[in-house]
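*Asks:* Right, I'll just put the structure down here and ask away after.
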Amino acid sequence: MPSHSQYILPQELALPPIREAVFEIRFAAAKNSAANLLTAAPRLSVPEAHVSVADGAVRLRVGAPYLGWASHRERIDALLDALEREKLAGTVERISLKFVNLLEDLPPRQLDALRVELRVNGDPVPEFGLQLRMELSDERFVRIIEIQPGAMEGPVVTPGDAGGLLLSLECRRDIAGGDFWSQRADLLENLQFESRALFFRLVTRATIEKFGPIYRQPPQSE
């Protein structure tokens with residue numbers, strides 16, 4: 001295994017805390033696009049995923065257990081292949097990935113599992129009832145972070161859960177004037193890398209170790 005100092009980001013986690021993974025593609029609404037999408041919805045179905053359509057947008061969602069990026073990418077590619085084949089999407093305007101994580105088995109103060117410090121007048125912010133949303137964006141990506149300690153109910157929390165820290169991360173990439181279809185492989189991989197990097201920027205090393213980080217040697221250049 002390479003040293004942590006050489007490769008900061010694990011390639012994946014043996015025990016990923018992801019409860020929901022969502023891919024969305026937005027495009028310029030073409031004439032009758034909503035009706036065409038609804039009519040073609042059966043042809044957009046993807047195994048073991050839920051696909052929803054709206055005027056100018058298609059969303060693919062998978063729930064737990066999350067089987068890794070390779071599996072999720074296969075489903076995304078199946079959806080995009082169908083959209084391209086059926087000629088249902090106009091000019092692509094934006095793509096996004098969202099991962100909703102539930103972190104369990106945490107310190108008494110759950111926010112200590114994150115590299116986030118919240119204080120008011122020098123005192124730690126009480127966790128009870130706290131819901132935090134913030135954006136960390138630059139010229140390429142919009143990164144939306146939502147944090148909720150003590151999550152006991154909700155769409156990704158099941159009755160058997162003991163509750164935990166809800167950490168929702170979404171990365172969006174605007175497609176400005178580019179041909180999405182010829183660049184889609186690189187665009188998807190870059191978007192996933194940014195999503196992965198955002199998670200590891202926010203979560204402490206001690207917390208990451210609980211999820212079984214997996215480090216792999218990068219391919220050797222010839």
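In the structure tokens, chains take letters A, B, ... by order of appearance, with residues numbered from 1 within each chain and ligands from 1 in the order shown.
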So which bits of region 9-100 of chain A end up alpha helix (DSSP H) when you DSSP the backbone, as a PyMOL selection string?
*Replies:* chain A and resi 33-40+69-86
*Asks:* Show which residues sit within 12 Å of Gly68 (chain A), as a VMD selection string. Count only C-alpha atoms, and ignore same-chain residues fewer than 6 positions away.
*Replies:* chain A and resid 11 to 21 62 74 to 75 99 192 196 214
*Asks:* Write out as a PyMOL selection string each polymer residue whose atoms come within 9 Å of Ser52 (chain A), counting only C-alpha atoms; drop sequence neighbours fewer than 6 positions from it.
*Replies:* chain A and resi 41+58-61
*Asks:* Write the residues you've just listed into a file as a short mmCIF file (atom, residue, chain, number, x, y, z; two decimals), in the first residue's frame, and include N, CA and C atoms for each of them.
*Replies:*
```cif
data_model
loop_
_atom_site.label_atom_id
_atom_site.label_comp_id
_atom_site.auth_asym_id
_atom_site.auth_seq_id
_atom_site.Cartn_x
_atom_site.Cartn_y
_atom_site.Cartn_z
N ALA A 41 -39.79 7.44 -21.36
CA ALA A 41 -39.31 7.04 -20.03
C ALA A 41 -39.07 5.55 -19.88
N VAL A 58 -32.97 15.00 -16.46
CA VAL A 58 -33.15 13.59 -16.16
C VAL A 58 -32.26 13.26 -14.97
N ARG A 59 -32.81 12.50 -14.03
CA ARG A 59 -32.08 12.17 -12.80
C ARG A 59 -32.06 10.67 -12.60
N LEU A 60 -30.89 10.16 -12.23
CA LEU A 60 -30.72 8.74 -11.92
C LEU A 60 -30.33 8.61 -10.45
N ARG A 61 -31.04 7.76 -9.71
CA ARG A 61 -30.79 7.59 -8.28
C ARG A 61 -30.61 6.12 -7.94
#
```
*Asks:* Between A:Arg109, A:Arg85, A:Lys98, A:Arg205, which has the minimum distance to Gly164 (chain A) (counting only C-alpha atoms)?
*Replies:*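 Ranking A:Arg109, A:Arg85, A:Lys98, A:Arg205 by distance to Gly164 (chain A), first place goes to A:Arg109.
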*Asks:* Counting only C-alpha atoms, which of A:Asp186, A:Glu135, A:Asp174, A:Asp55 gets nearest to Ala89 (chain A)?
*Replies:* A:Asp55
*Asks:* Kindly indicate which residue among A:Ile76, A:Ala197, A:Cys171, A:Ile95 lies nearest to Ser137 (chain A), using only C-alpha atoms for the distances.
*Replies:*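 For Ser137 (chain A), the nearest of the given residues is A:Cys171.
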*Asks:* Enter the distance from CA of Glu209 (chain A) to CA of Phe193 (chain A), in Å, rounded to one decimal.
*Replies:*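 We find that CA of Glu209 (chain A) and CA of Phe193 (chain A) lie 19.3 Å from each other.
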*Asks:* Fewer than 4 positions away in the same chain doesn't count, so skip those; otherwise give me all residues within 12 Å of Leu80 (chain A), counting only C-alpha atoms, as a ChimeraX atom specification.
*Replies:* /A:23-26,43-46,51,58-60,73-76,84-89,92,95,180-182,184-185,188
*Asks:* Suppose we keep C-alpha atoms; can you now write the selection as a compact mmCIF listing (two decimals), in the first residue's frame?
*Replies:*
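Output contents, as saved in selection-v7.txt:
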```txt
# COMPACT_ATOMS: atom_id res chain seq x y z
CA PHE A 23 -26.66 11.79 -11.09
CA GLU A 24 -28.47 14.58 -12.91
CA ILE A 25 -28.13 15.94 -16.41
CA ARG A 26 -29.77 19.21 -17.45
CA ARG A 43 -36.66 3.20 -22.68
CA LEU A 44 -34.62 5.20 -20.17
CA SER A 45 -34.96 2.59 -17.44
CA VAL A 46 -31.72 1.38 -15.86
CA VAL A 51 -34.84 7.27 -13.26
CA VAL A 58 -33.15 13.59 -16.16
CA ARG A 59 -32.08 12.17 -12.80
CA LEU A 60 -30.72 8.74 -11.92
CA ARG A 73 -20.75 4.83 -13.66
CA GLU A 74 -22.12 1.85 -15.61
CA ARG A 75 -25.66 2.91 -14.75
CA ILE A 76 -24.95 6.53 -15.66
CA GLU A 84 -28.15 9.95 -26.97
CA ARG A 85 -29.68 7.06 -28.90
CA GLU A 86 -33.22 8.42 -28.57
CA LYS A 87 -32.04 11.99 -29.30
CA LEU A 88 -33.98 13.27 -26.30
CA ALA A 89 -31.51 15.78 -24.91
CA VAL A 92 -26.33 19.85 -22.32
CA ILE A 95 -24.23 17.70 -14.95
CA PHE A 180 -20.68 17.11 -23.77
CA TRP A 181 -21.11 13.88 -25.71
CA SER A 182 -17.58 13.76 -27.09
CA ARG A 184 -18.47 12.84 -21.40
CA ALA A 185 -16.01 10.22 -20.12
CA LEU A 188 -17.77 12.30 -15.51
```
*Asks:* Write down as a ChimeraX atom specification the residues belonging to region 16-220 of chain A that are assigned strand (DSSP E) by DSSP computed on the backbone.
*Replies:* /A:18-27,50-54,57-63,92-103,119-120,123-124,132-135,141-151,164-174,213-214
*Asks:* Skipping near chain neighbours, those fewer than 3 positions away, what residues fall within 8 Å of region 111-114 of chain A using only C-alpha atoms, listed as a list in words?
*Replies:*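 In the requested form, the answer reads Leu106, Pro107, Glu117, Glu127, Pro149, Leu165, Leu202, Val203, Thr204, Ala206 and Thr207 of chain A.
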*Asks:* Next, write the just-selected residues to a file, as an mmCIF file, in the first residue's frame, keeping C-alpha atoms as the atom set.
*Replies:*
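Writing done, so here's part.cif:
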```cif
data_model
loop_
_atom_site.group_PDB
_atom_site.id
_atom_site.type_symbol
_atom_site.label_atom_id
_atom_site.label_comp_id
_atom_site.auth_asym_id
_atom_site.auth_seq_id
_atom_site.Cartn_x
_atom_site.Cartn_y
_atom_site.Cartn_z
ATOM 1 C CA LEU A 106 -19.014 8.800 15.961
ATOM 2 C CA PRO A 107 -17.589 10.767 18.898
ATOM 3 C CA GLU A 117 -15.338 24.138 13.184
ATOM 4 C CA GLU A 127 -25.647 20.217 17.589
ATOM 5 C CA PRO A 149 -25.937 15.983 13.225
ATOM 6 C CA LEU A 165 -24.310 12.580 11.035
ATOM 7 C CA LEU A 202 -14.295 17.397 5.124
ATOM 8 C CA VAL A 203 -13.885 14.128 7.060
ATOM 9 C CA THR A 204 -11.108 13.584 9.598
ATOM 10 C CA ALA A 206 -9.670 9.003 12.151
ATOM 11 C CA THR A 207 -13.191 8.843 10.710
#
```
